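Next comes final_18.txt, with compact mmCIF, C-alpha atoms.
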# COMPACT_ATOMS: atom_id res chain seq x y z
CA MET A 359 50.84 130.70 104.69
CA LYS A 360 53.01 132.32 102.02
CA SER A 361 56.40 132.05 103.70
CA LEU A 362 58.12 130.35 106.61
CA LYS A 363 61.39 131.60 108.06
CA VAL A 364 63.40 129.77 110.70
CA SER A 365 66.72 130.23 112.43
CA GLN A 366 68.65 128.06 114.90
CA PHE A 367 66.31 125.13 114.37
CA GLY A 368 68.12 121.80 114.38
CA PRO A 369 70.74 121.88 111.59
CA ILE A 370 69.13 124.97 110.02
CA GLN A 371 71.00 128.13 110.93
CA GLU A 372 68.89 130.52 108.91
CA GLY A 373 66.61 130.59 105.92
CA GLN A 374 63.25 131.50 104.49
CA VAL A 375 61.06 129.54 102.08
CA GLU A 376 58.56 131.42 99.92
CA PHE A 377 55.99 128.89 98.79
CA GLY A 378 54.84 128.43 95.20
CA ASN A 379 52.15 126.15 93.85
CA LEU A 380 54.94 123.56 93.75
CA THR A 381 57.86 124.04 96.13
CA LEU A 382 60.93 121.80 96.05
CA LEU A 383 63.51 121.40 98.80
CA VAL A 384 66.90 119.99 97.77
CA GLY A 385 70.17 119.41 99.56
CA PRO A 386 72.27 116.66 101.17
CA GLN A 387 71.05 114.43 103.98
CA ALA A 388 70.87 115.89 107.50
CA THR A 389 70.49 119.51 106.35
CA GLY A 390 67.01 119.92 107.85
CA LYS A 391 64.60 119.43 104.92
CA SER A 392 62.41 116.88 106.72
CA LEU A 393 62.48 118.85 109.98
CA PHE A 394 61.44 121.99 108.11
CA LEU A 395 58.51 120.20 106.46
CA GLN A 396 57.40 118.61 109.73
CA LEU A 397 57.52 122.04 111.39
CA PHE A 398 55.44 123.40 108.51
CA LYS A 399 52.85 120.66 109.11
CA LEU A 400 52.76 121.42 112.83
CA LEU A 401 52.26 125.15 112.27
CA VAL A 402 49.37 124.84 109.79
CA ASP A 403 47.64 121.93 111.58
CA ILE A 404 48.40 122.52 115.26
CA SER A 405 44.83 122.00 116.49
CA ALA A 406 44.33 118.88 114.34
CA VAL A 407 47.68 117.44 115.51
CA LYS A 408 46.81 117.93 119.17
CA ALA A 409 43.36 116.43 118.63
CA GLU A 410 44.86 113.35 116.96
CA LEU A 411 47.33 112.82 119.81
CA ARG A 412 44.53 113.10 122.35
CA ARG A 413 42.36 110.71 120.33
CA PHE A 414 44.99 108.03 120.91
CA ASN A 415 45.35 109.01 124.57
CA LEU A 416 48.80 110.58 124.27
CA ARG A 417 49.34 113.33 126.86
CA TRP A 418 52.09 115.87 127.35
CA ASN A 419 50.74 117.82 130.36
CA SER A 420 51.53 121.20 128.77
CA GLU A 421 55.25 120.35 128.74
CA ILE A 422 56.71 121.62 125.47
CA THR A 423 59.61 119.17 125.54
CA SER A 424 57.22 116.23 125.88
CA PHE A 425 55.03 117.55 123.06
CA LEU A 426 57.99 117.97 120.71
CA GLU A 427 59.15 114.42 121.50
CA LEU A 428 55.68 113.11 120.66
CA TYR A 429 55.56 115.09 117.44
CA PHE A 430 59.09 115.03 115.98
CA GLY A 431 60.10 111.73 117.56
CA GLU A 432 62.17 110.44 120.43
CA GLY A 433 65.28 112.52 121.12
CA MET A 434 64.20 115.30 118.74
CA SER A 435 62.95 117.92 121.21
CA ALA A 436 66.42 119.49 121.21
CA VAL A 437 65.92 120.79 117.65
CA TYR A 438 63.99 123.66 119.25
CA GLU A 439 66.02 125.90 121.59
CA GLU A 440 63.73 128.27 123.47
CA ARG A 441 66.23 131.10 123.77
CA LYS A 442 67.70 130.75 120.26
CA THR A 443 65.17 129.35 117.79
CA GLN A 444 63.15 131.92 115.89
CA ILE A 445 60.15 131.17 113.67
CA PHE A 446 58.34 133.64 111.40
CA ILE A 447 55.06 132.91 109.60
CA ASP A 448 54.57 135.43 106.78
CA ARG A 449 57.24 137.60 108.46
CA GLN A 450 55.41 137.62 111.79
CA GLN A 451 57.37 136.04 114.63
CA ILE A 452 55.61 133.45 116.76
CA ASP A 453 56.33 132.17 120.25
CA MET A 454 56.47 128.42 119.77
CA PRO A 455 55.56 127.29 123.33
CA GLN A 456 52.66 129.75 123.40
CA TYR A 457 51.58 128.67 119.90
CA ILE A 458 51.45 125.02 121.02
CA ARG A 459 49.77 125.68 124.37
CA ARG A 460 47.07 128.04 123.19
CA ARG A 461 43.51 126.81 123.25
CA LYS A 462 42.01 126.92 119.82
CA LYS A 463 38.83 125.54 118.32
CA GLN A 464 39.56 122.20 116.67
CA GLU A 465 39.98 122.66 112.95
CA ALA A 466 40.03 120.16 110.10
CA GLU A 467 43.39 118.98 108.80
CA THR A 468 44.67 121.17 105.96
CA MET A 469 47.91 119.34 105.11
CA PHE A 470 48.36 115.74 104.00
CA TYR A 471 51.90 114.54 104.67
CA ILE A 472 53.49 111.55 102.88
CA PRO A 473 56.75 110.85 104.76
CA ALA A 474 60.02 109.41 103.52
CA GLN A 475 59.57 106.41 105.86
CA ARG A 476 56.33 105.37 104.09
CA VAL A 477 57.63 101.86 103.33
CA ILE A 478 57.26 100.92 107.03
CA THR A 479 53.53 101.72 106.95
CA ILE A 480 52.93 98.35 105.30
CA ARG A 481 54.38 95.36 107.16
CA ASP A 482 54.20 91.96 105.44
CA GLY A 483 51.45 93.44 103.28
CA LEU A 484 49.35 94.56 106.27
CA THR A 485 48.62 98.25 106.81
CA ARG A 486 49.50 99.53 110.26
CA PRO A 487 47.24 101.68 112.47
CA PHE A 488 48.45 104.64 114.55
CA THR A 489 48.64 102.48 117.68
CA ASP A 490 51.01 99.98 116.04
CA TYR A 491 53.91 102.38 116.62
CA ARG A 492 55.82 103.50 119.69
CA ALA A 493 54.99 106.86 121.24
CA GLY A 494 58.47 108.07 120.22
CA ASP A 495 57.92 107.48 116.50
CA PRO A 496 57.39 110.64 114.37
CA PHE A 497 53.79 111.85 114.27
CA VAL A 498 53.75 112.31 110.48
CA VAL A 499 54.61 108.62 109.99
CA ARG A 500 51.96 107.43 112.43
CA GLU A 501 49.26 109.68 111.00
CA PHE A 502 50.00 108.70 107.39
CA SER A 503 49.98 105.03 108.36
CA GLU A 504 46.59 105.46 110.05
CA ARG A 505 45.16 107.05 106.89
CA LEU A 506 46.33 104.13 104.73
CA HIS A 507 45.00 101.62 107.25
CA GLN A 508 41.56 103.22 107.19
CA LEU A 509 41.61 103.47 103.39
CA VAL A 510 42.43 99.79 102.81
CA GLN A 511 40.45 98.29 105.68
CA THR A 512 37.36 100.51 105.32
CA GLU A 513 37.07 102.53 102.10
CA PHE A 514 38.15 99.56 99.96
CA ALA A 515 36.25 97.03 102.04
CA GLN A 516 33.83 96.25 99.19
CA THR A 517 36.47 95.43 96.58
CA ASP A 518 39.59 93.29 96.37
CA ARG A 519 41.17 95.23 93.51
CA LEU A 520 43.25 98.29 94.38
CA PHE A 521 44.97 98.76 91.01
CA PRO A 522 44.06 99.18 88.24
CA GLN A 523 40.63 100.46 89.14
CA GLU A 524 38.31 102.50 86.95
CA GLY A 525 37.42 105.81 88.51
CA ARG A 526 40.76 105.97 90.33
CA LEU A 527 43.19 108.11 88.32
CA LYS A 528 42.97 108.87 84.60
CA LYS A 529 43.38 105.91 82.25
CA GLU A 530 46.64 107.34 80.85
CA TYR A 531 48.07 107.47 84.37
CA ARG A 532 46.99 103.90 85.08
CA ASP A 533 48.59 102.68 81.84
CA LEU A 534 51.90 104.38 82.67
CA ILE A 535 51.90 103.03 86.24
CA GLU A 536 51.20 99.52 84.99
CA LYS A 537 53.96 99.76 82.38
CA HIS A 538 56.71 101.39 84.41
CA ILE A 539 56.04 100.22 87.98
CA PHE A 540 53.83 97.13 88.24
CA GLY A 541 54.95 95.41 85.02
CA GLY A 542 51.57 93.88 84.24
CA PHE A 543 50.73 92.90 87.82
CA GLY A 544 47.64 94.18 89.59
CA LEU A 545 47.38 95.33 93.19
CA GLN A 546 44.92 93.29 95.22
CA THR A 547 43.90 92.58 98.79
CA ASP A 548 43.24 89.20 100.35
CA ALA A 549 42.37 88.06 103.86
CA GLU A 550 45.19 87.59 106.38
CA ARG A 551 44.51 87.23 110.10
CA PHE A 552 41.12 88.90 109.72
CA GLN A 553 42.73 91.92 108.01
CA ARG A 554 43.03 92.82 104.36
CA ARG A 555 46.57 92.13 103.13
CA VAL A 556 47.98 93.94 100.09
CA VAL A 557 49.50 91.67 97.40
CA LEU A 558 50.48 91.80 93.74
CA GLN A 559 48.55 89.48 91.45
CA GLY A 560 49.69 88.38 88.01
CA ALA A 561 48.35 86.29 85.16
CA GLY A 562 46.63 83.11 86.23
CA GLY A 563 46.00 84.46 89.72
CA ARG A 564 49.66 84.14 90.78
CA VAL A 565 50.09 86.06 94.05
CA LEU A 566 53.28 87.89 95.07
CA PRO A 567 53.43 88.83 98.77
CA PHE A 568 54.92 92.13 99.92
CA LEU A 569 58.39 90.84 100.77
CA VAL A 570 59.12 89.66 97.21
CA TRP A 571 58.13 92.94 95.57
CA SER A 572 60.84 95.14 94.08
CA ALA A 573 62.15 97.98 96.23
CA GLY A 574 60.44 100.48 93.94
CA GLN A 575 57.07 98.72 94.25
CA ARG A 576 57.33 98.66 98.06
CA GLU A 577 58.07 102.39 98.08
CA PHE A 578 55.44 103.27 95.49
CA VAL A 579 52.39 101.43 96.85
CA PRO A 580 52.05 103.56 100.03
CA LEU A 581 52.53 106.65 97.84
CA LEU A 582 49.84 105.41 95.43
CA LEU A 583 47.41 104.80 98.30
CA GLY A 584 48.15 108.28 99.63
CA LEU A 585 47.33 109.71 96.19
CA TYR A 586 44.10 107.69 96.18
CA TRP A 587 43.19 109.42 99.43
CA LEU A 588 43.92 112.84 97.90
CA ILE A 589 42.13 112.19 94.59
CA PRO A 590 38.57 111.05 95.36
CA PRO A 591 36.78 108.89 92.73
CA THR A 592 34.06 111.55 92.41
CA LYS A 593 33.57 114.94 90.82
CA VAL A 594 34.99 116.51 93.99
CA SER A 595 38.51 117.73 93.18
CA ARG A 596 40.03 117.56 96.66
CA ARG A 597 39.71 115.67 99.93
CA GLY A 598 37.85 117.63 102.59
CA LYS A 599 39.59 120.85 103.58
CA VAL A 600 43.09 119.69 102.60
CA GLU A 601 44.98 122.48 100.81
CA TRP A 602 48.62 121.38 101.17
CA VAL A 603 50.38 118.15 100.22
CA VAL A 604 53.90 117.24 101.33
CA ILE A 605 55.71 114.32 99.68
CA GLU A 606 59.19 113.45 100.88
CA GLU A 607 61.53 111.90 98.31
CA PRO A 608 58.86 110.70 95.84
CA GLU A 609 61.59 109.14 93.69
CA MET A 610 62.75 106.52 96.20
CA GLY A 611 63.48 103.16 94.59
CA LEU A 612 62.12 104.17 91.19
CA HIS A 613 63.53 104.07 87.64
CA PRO A 614 63.58 107.47 85.86
CA ASN A 615 60.55 106.48 83.74
CA ALA A 616 58.64 105.73 86.93
CA ILE A 617 59.79 109.03 88.47
CA SER A 618 58.25 110.79 85.46
CA VAL A 619 54.95 109.03 86.21
CA VAL A 620 55.07 110.20 89.82
CA MET A 621 55.77 113.78 88.72
CA LEU A 622 52.80 113.57 86.36
CA LEU A 623 50.65 112.64 89.36
CA VAL A 624 52.12 115.62 91.24
CA LEU A 625 51.01 117.86 88.37
CA GLU A 626 47.54 116.32 88.69
CA LEU A 627 47.51 117.44 92.32
CA LEU A 628 48.43 120.97 91.22
CA SER A 629 45.61 120.98 88.67
CA ARG A 630 43.17 120.08 91.46
CA GLY A 631 44.17 123.15 93.45
CA TYR A 632 46.52 121.60 96.00
CA GLN A 633 49.75 123.37 96.89
CA VAL A 634 52.51 120.77 96.93
CA CYS A 635 55.90 120.63 98.66
CA LEU A 636 58.47 118.00 97.71
CA SER A 637 61.86 117.13 99.12
CA THR A 638 64.05 115.33 96.62
CA HIS A 639 67.51 114.01 95.83
CA SER A 640 66.62 113.33 92.19
CA PRO A 641 68.01 115.44 89.31
CA HIS A 642 65.23 113.90 87.19
CA VAL A 643 62.61 115.71 89.31
CA LEU A 644 64.50 119.00 88.87
CA ASP A 645 64.83 118.39 85.10
CA ILE A 646 61.04 118.30 84.77
CA VAL A 647 60.54 121.46 86.83
CA TRP A 648 63.34 123.24 84.93
CA ALA A 649 61.73 122.30 81.60
CA ILE A 650 58.33 123.67 82.64
CA LYS A 651 59.91 126.90 83.89
CA MET A 652 61.73 127.24 80.54
CA PHE A 653 58.44 126.73 78.70
CA GLN A 654 56.93 129.53 80.80
CA LYS A 655 59.83 131.82 79.97
CA HIS A 656 60.03 131.06 76.24
CA GLN A 657 56.36 130.79 75.26
CA GLY A 658 56.13 127.02 75.38
CA ASP A 659 52.64 125.58 75.11
CA GLU A 660 50.66 122.67 76.50
CA ALA A 661 51.89 120.34 73.73
CA ASP A 662 55.44 120.83 75.01
CA VAL A 663 54.39 119.80 78.52
CA ARG A 664 52.59 116.74 77.18
CA ALA A 665 55.69 115.80 75.17
CA ILE A 666 57.71 115.47 78.40
CA PHE A 667 55.42 112.67 79.56
CA GLY A 668 54.38 111.24 76.19
CA LEU A 669 50.72 112.18 76.71
CA SER A 670 48.03 112.19 74.05
CA ALA A 671 46.05 115.25 72.97
CA ARG A 672 42.88 114.26 74.81
CA PRO A 673 41.06 117.37 76.09
CA ASN A 674 41.52 116.55 79.80
CA LEU A 675 45.27 116.08 79.33
CA LYS A 676 45.60 119.26 77.28
CA SER A 677 43.80 121.10 80.05
CA LEU A 678 46.13 119.60 82.68
CA ALA A 679 49.22 120.63 80.70
CA GLN A 680 47.89 124.14 80.15
CA GLU A 681 47.17 124.57 83.86
CA CYS A 682 50.72 123.50 84.74
CA LEU A 683 52.04 126.41 82.69
CA GLN A 684 50.04 128.80 84.89
CA LYS A 685 51.48 127.53 88.19
CA SER A 686 54.43 128.91 90.15
CA TYR A 687 57.48 126.76 90.92
CA ARG A 688 59.99 127.48 93.69
CA VAL A 689 63.19 125.61 94.59
CA PHE A 690 65.24 126.01 97.79
CA TYR A 691 68.67 124.58 98.56
CA PHE A 692 69.40 123.46 102.12
CA GLN A 693 73.14 123.91 102.27
CA PRO A 694 75.59 122.06 104.51
CA GLY A 695 76.27 124.62 107.21
CA GLY A 696 72.61 125.45 107.69
CA ILE A 697 71.79 128.25 105.21
CA ILE A 698 68.72 127.97 102.96
CA ARG A 699 69.13 129.53 99.51
CA ASP A 700 66.51 130.35 96.90
CA ILE A 701 67.62 128.75 93.61
CA SER A 702 64.25 128.94 91.89
CA ASN A 703 65.66 130.25 88.60
CA LEU A 704 67.54 126.96 88.08
CA ASP A 705 69.97 128.81 85.85
CA PRO A 706 72.84 126.50 84.76
CA ALA A 707 74.88 129.60 83.89
CA SER A 708 74.39 131.25 87.27
CA GLU A 709 77.49 132.59 89.02
CA GLU A 710 76.07 131.12 92.22
CA ALA A 711 77.42 127.55 92.29
CA SER A 712 74.50 126.22 94.33
CA GLU A 713 72.06 127.34 91.64
CA ALA A 714 74.18 126.34 88.65
CA GLY A 715 74.53 122.88 90.16
CA TRP A 716 70.83 122.81 91.13
CA GLY A 717 71.56 122.31 94.78
CA GLY A 718 74.28 119.75 94.18
CA LEU A 719 72.11 117.40 92.12
CA THR A 720 73.90 118.00 88.81
CA GLU A 721 77.39 118.81 90.12
CA PHE A 722 78.65 115.22 90.05
CA SER A 723 77.56 114.49 86.47
CA GLY A 724 78.94 117.87 85.37
CA ASN A 725 82.27 117.14 87.06
CA ILE A 726 82.42 113.67 85.46
CA GLY A 727 81.73 115.24 82.05
CA GLU A 728 84.58 117.71 82.46
CA ILE A 729 87.03 114.99 83.53
CA VAL A 730 86.06 112.75 80.60
CA SER A 731 86.39 115.72 78.22
CA ARG A 732 89.93 116.38 79.48
CA VAL A 733 90.89 112.74 79.03
CA VAL A 734 89.51 112.65 75.47
CA SER A 735 91.32 115.89 74.59
CA ARG A 736 94.57 114.58 76.08
CA SER A 737 94.24 111.34 74.15
CA ALA A 738 93.69 113.23 70.88
CA ARG A 739 96.84 115.31 71.41
CA GLU A 740 98.91 112.22 72.08
Now, as a test, write the supplied structure out as structure tokens.
Amino acid sequence: MKSLKVSQFGPIQEGQVEFGNLTLLVGPQATGKSLFLQLFKLLVDISAVKAELRRFNLRWNSEITSFLELYFGEGMSAVYEERKTQIFIDRQQIDMPQYIRRRKKQEAETMFYIPAQRVITIRDGLTRPFTDYRAGDPFVVREFSERLHQLVQTEFAQTDRLFPQEGRLKKEYRDLIEKHIFGGFGLQTDAERFQRRVVLQGAGGRVLPFLVWSAGQREFVPLLLGLYWLIPPTKVSRRGKVEWVVIEEPEMGLHPNAISVVMLLVLELLSRGYQVCLSTHSPHVLDIVWAIKMFQKHQGDEADVRAIFGLSARPNLKSLAQECLQKSYRVFYFQPGGIIRDISNLDPASEEASEAGWGGLTEFSGNIGEIVSRVVSRSARE
């Protein structure tokens, strides 16, 4: 899929997203970013989604309203209006009910979705299976939670240490995560009610349970485990047939230094051949993308990319940075009022206010700067 166009879909009145290697969606809350990404997941993985619902004995009896409630969540079927909503995949219109109902050979999942609600996938340190949720909870949350549950309870069954772990992520990444997120603590599992509970462990074996972690640590651990799933500890670059990765609000709860670490991991996904979509409210995320686009435009090199993250000149990191300069980056602004605008140039001097303010993420700081400048000038005159 190269583009997805929708109209009259929930709060989205009209708009088209042309996907790059990294695609960012920005805009205020309740403008449809999450709905758009969930629709994207449904369209590329329809057979896998239906198979997963059936695996857990969830039935919709060919009723589109029931299916949409199961997928988007309770009360959300109204986002699709049969006589008004229009959906175009690569400029070809599809009939949504027919698309959902059609019989199609089961295909492997091609998109891995890390939702904004990821913190609820770990409760008191215990991962939660698909069946731990209500039928009306969003599918993308339940599926992601199931993946983490299987990872911790099965794939890591032979080890107690989850982080740091040799063979999982490059050493430079592990060092930055330890410094900026875990603060010297390791991520472990221990036994709790016959399940493996996730805890932080410090010097001397001191254990910190989930509820006393910082907000950033609680948000980051499910994201880290999702990245573990996407980055196998083998010479294989990608997991199965997965081609797309969606991460909603990767910055949640994190200090800017930690956000830089997360964006470095996103670039690692790009270097492995994944296409990545992010939704974000962080100007820090846009700063990094803007810098890389400026390097592309003004003959920047891999050393400039490494300088953003403070990376050494090791060959694997130089290769990563060089690959990032070859990727395409797209940014779309979901405006209040329902129009999606392409602001991929990220030009601060643009006459289009939505682009100059990078989808509203830099407008506040710019406005504050202007007000402070006026006050300083006024004070000097007096």
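Between CA of Gln456 in chain A and CA of Arg412 in chain A there is a distance of 18.6 Å.
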- Query: Can you tell me how far CA of Phe521 in chain A sits from CA of Leu581 in chain A, in Å to one decimal?
  - Reply: 12.9 Å
Neighbouring residues of Arg413 in chain A were defined as those with any atom within 12 Å, considering all atoms listed in the file; residues of the same chain fewer than 4 positions away were excluded. Please report them as an mmCIF file with C-alpha atoms, in the frame of the given file.
data_model
loop_
_atom_site.group_PDB
_atom_site.id
_atom_site.type_symbol
_atom_site.label_atom_id
_atom_site.label_comp_id
_atom_site.auth_asym_id
_atom_site.auth_seq_id
_atom_site.Cartn_x
_atom_site.Cartn_y
_atom_site.Cartn_z
ATOM 1 C CA ALA A 406 44.330 118.880 114.340
ATOM 2 C CA VAL A 407 47.680 117.440 115.510
ATOM 3 C CA LYS A 408 46.810 117.930 119.170
ATOM 4 C CA ALA A 409 43.360 116.430 118.630
ATOM 5 C CA ARG A 417 49.340 113.330 126.860
ATOM 6 C CA PHE A 488 48.450 104.640 114.550
ATOM 7 C CA THR A 489 48.640 102.480 117.680
ATOM 8 C CA GLU A 501 49.260 109.680 111.000
#
- Using all atoms listed in the file, the shortest atom-to-atom distance to Thr485 in chain A among A:Leu400, A:Leu509, A:Val499, A:Leu627 belongs to A:Leu509
- Task: Compare A:Phe502, A:Gln511, A:Gly574, A:Gln451 by their minimum atom-to-atom distance to Glu410 in chain A, counting all atoms listed in the file, and give me the closest one.
- Result: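 Answer, going by the shortest atom-to-atom distance: A:Phe502.
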- Message: What's the separation between CA of Glu606 in chain A and CA of Pro473 in chain A, in Å to one decimal place?
- Response: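 So the answer is 5.3 Å.
Proximity ranking of A:Ala707, A:Leu566, A:Leu622, A:Glu504 relative to Arg532 in chain A places A:Leu622 first, based on all atoms listed in the file.
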- Task: Tell me, as a ChimeraX atom specification, which residues lie within 9 Å of Thr638 in chain A, counting only C-alpha atoms; anything in the same chain fewer than 5 positions away does not count.
- Result: /A:382-385,605-610,643-644
- Place a sphere of radius 12 Å on (46.5, 119.8, 92.1) in the file coordinates and name every protein, DNA or RNA residue with an atom inside or on its surface, counting only C-alpha atoms; give the answer as a PyMOL selection string. chain A and resi 379-380+585+588-589+595-597+600-603+621-635+678-679+681-682+685
- Query: Which one is closest to Arg688 in chain A: A:Pro641, A:Pro673, A:Gly378, A:Gly715? Count only C-alpha atoms.
  - Reply: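 Answer, going by the shortest atom-to-atom distance: A:Gly378.
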- Message: Applying 12 Å and all atoms listed in the file, which residues near Val570 in chain A remain after dropping the ones on its own chain fewer than 3 positions away? List them as number ranges by chain.
- Response: A: 482-483, 557-558, 565-567, 573-576
Select from range 693-712 of chain A every residue with an atom at most 8 Å from any atom of range 389-397 of chain A, then for each give the shortest pair of atoms and their distance in Å to one decimal, using only C-alpha atoms, rows by chain and rising number, as a Markdown table.
| residue | atom | partner | partner_atom | distance |
| --- | --- | --- | --- | --- |
| A:Gln693 | CA | A:Thr389 | CA | 6.6 |
| A:Pro694 | CA | A:Thr389 | CA | 6.0 |
| A:Gly695 | CA | A:Thr389 | CA | 7.8 |
| A:Gly696 | CA | A:Thr389 | CA | 6.4 |
- Message: Taking only C-alpha atoms into account, name the residue in A:Ala616, A:Ala466, A:Ala561, A:Ala714 that is nearest to Asp403 in chain A.
- Response: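 Closest residue, counting only C-alpha atoms: A:Ala466.
Candidate residues A:Tyr457, A:Gly368, A:Glu467, A:Ile478 were compared for distance to Ser435 in chain A, and the nearest is A:Gly368, using all atoms listed in the file.
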- Close residues, Pro455 in chain A itself excluded, 7 Å, only C-alpha atoms, min 3 positions apart in chain, as JSON, numbers by chain: {"A": [422, 458, 459]}
Selection file, C-alpha atoms, as a PDB file, keeping the file's coordinate frame:
ATOM      1  CA  ILE A 422      56.710 121.620 125.470  1.00  0.00           C
ATOM      2  CA  ILE A 458      51.450 125.020 121.020  1.00  0.00           C
ATOM      3  CA  ARG A 459      49.770 125.680 124.370  1.00  0.00           C
TER       4      ARG A 459
END
- Extract, using all atoms listed in the file, all DNA, RNA and protein residues at most 12 Å from Gln546 in chain A, discarding same-chain residues fewer than 2 positions from it, and format them as an MDAnalysis selection string. chainID A and resid 483:484 510 514:515 517:523 540 543:544 548:549 554:560 563:568 579
Saving range 529-550 of chain A with N, CA and C atoms, as an mmCIF file, in the first residue's frame, what would that file be?
data_model
loop_
_atom_site.group_PDB
_atom_site.id
_atom_site.type_symbol
_atom_site.label_atom_id
_atom_site.label_comp_id
_atom_site.auth_asym_id
_atom_site.auth_seq_id
_atom_site.Cartn_x
_atom_site.Cartn_y
_atom_site.Cartn_z
ATOM 1 N N LYS A 529 24.915 -2.936 21.526
ATOM 2 C CA LYS A 529 25.408 -2.531 22.841
ATOM 3 C C LYS A 529 25.206 -1.037 23.082
ATOM 4 N N GLU A 530 25.431 -0.210 22.033
ATOM 5 C CA GLU A 530 25.250 1.232 22.192
ATOM 6 C C GLU A 530 23.811 1.572 22.575
ATOM 7 N N TYR A 531 22.851 0.846 21.999
ATOM 8 C CA TYR A 531 21.451 1.075 22.335
ATOM 9 C C TYR A 531 21.201 0.683 23.795
ATOM 10 N N ARG A 532 21.735 -0.464 24.186
ATOM 11 C CA ARG A 532 21.531 -0.924 25.562
ATOM 12 C C ARG A 532 22.114 0.074 26.559
ATOM 13 N N ASP A 533 23.284 0.611 26.240
ATOM 14 C CA ASP A 533 23.921 1.582 27.152
ATOM 15 C C ASP A 533 23.064 2.832 27.291
ATOM 16 N N LEU A 534 22.518 3.313 26.174
ATOM 17 C CA LEU A 534 21.691 4.526 26.223
ATOM 18 C C LEU A 534 20.386 4.277 26.972
ATOM 19 N N ILE A 535 19.782 3.106 26.763
ATOM 20 C CA ILE A 535 18.547 2.769 27.480
ATOM 21 C C ILE A 535 18.814 2.689 28.976
ATOM 22 N N GLU A 536 19.911 2.046 29.345
ATOM 23 C CA GLU A 536 20.247 1.927 30.770
ATOM 24 C C GLU A 536 20.480 3.290 31.396
ATOM 25 N N LYS A 537 21.152 4.180 30.657
ATOM 26 C CA LYS A 537 21.480 5.499 31.185
ATOM 27 C C LYS A 537 20.266 6.401 31.301
ATOM 28 N N HIS A 538 19.446 6.442 30.248
ATOM 29 C CA HIS A 538 18.390 7.450 30.178
ATOM 30 C C HIS A 538 17.010 6.956 30.619
ATOM 31 N N ILE A 539 16.841 5.636 30.779
ATOM 32 C CA ILE A 539 15.505 5.130 31.118
ATOM 33 C C ILE A 539 15.510 4.283 32.390
ATOM 34 N N PHE A 540 16.428 3.328 32.480
ATOM 35 C CA PHE A 540 16.406 2.421 33.631
ATOM 36 C C PHE A 540 17.305 2.877 34.773
ATOM 37 N N GLY A 541 18.217 3.824 34.529
ATOM 38 C CA GLY A 541 19.021 4.385 35.608
ATOM 39 C C GLY A 541 19.824 3.361 36.390
ATOM 40 N N GLY A 542 20.400 2.395 35.696
ATOM 41 C CA GLY A 542 21.223 1.390 36.362
ATOM 42 C C GLY A 542 20.476 0.141 36.789
ATOM 43 N N PHE A 543 19.159 0.153 36.725
ATOM 44 C CA PHE A 543 18.375 -1.041 37.071
ATOM 45 C C PHE A 543 18.308 -1.982 35.865
ATOM 46 N N GLY A 544 18.147 -3.267 36.146
ATOM 47 C CA GLY A 544 17.919 -4.249 35.108
ATOM 48 C C GLY A 544 16.457 -4.655 35.091
ATOM 49 N N LEU A 545 16.025 -5.247 34.002
ATOM 50 C CA LEU A 545 14.654 -5.718 33.873
ATOM 51 C C LEU A 545 14.663 -7.234 34.000
ATOM 52 N N GLN A 546 13.938 -7.742 34.974
ATOM 53 C CA GLN A 546 13.964 -9.166 35.288
ATOM 54 C C GLN A 546 12.544 -9.737 35.303
ATOM 55 N N THR A 547 12.458 -11.051 35.386
ATOM 56 C CA THR A 547 11.187 -11.698 35.699
ATOM 57 C C THR A 547 11.379 -12.563 36.931
ATOM 58 N N ASP A 548 10.310 -12.674 37.714
ATOM 59 C CA ASP A 548 10.301 -13.634 38.814
ATOM 60 C C ASP A 548 8.928 -14.301 38.846
ATOM 61 N N ALA A 549 8.792 -15.316 39.654
ATOM 62 C CA ALA A 549 7.547 -16.089 39.686
ATOM 63 C C ALA A 549 6.498 -15.389 40.531
ATOM 64 N N GLU A 550 5.276 -15.317 40.005
ATOM 65 C CA GLU A 550 4.149 -14.724 40.731
ATOM 66 C C GLU A 550 2.884 -15.443 40.282
#
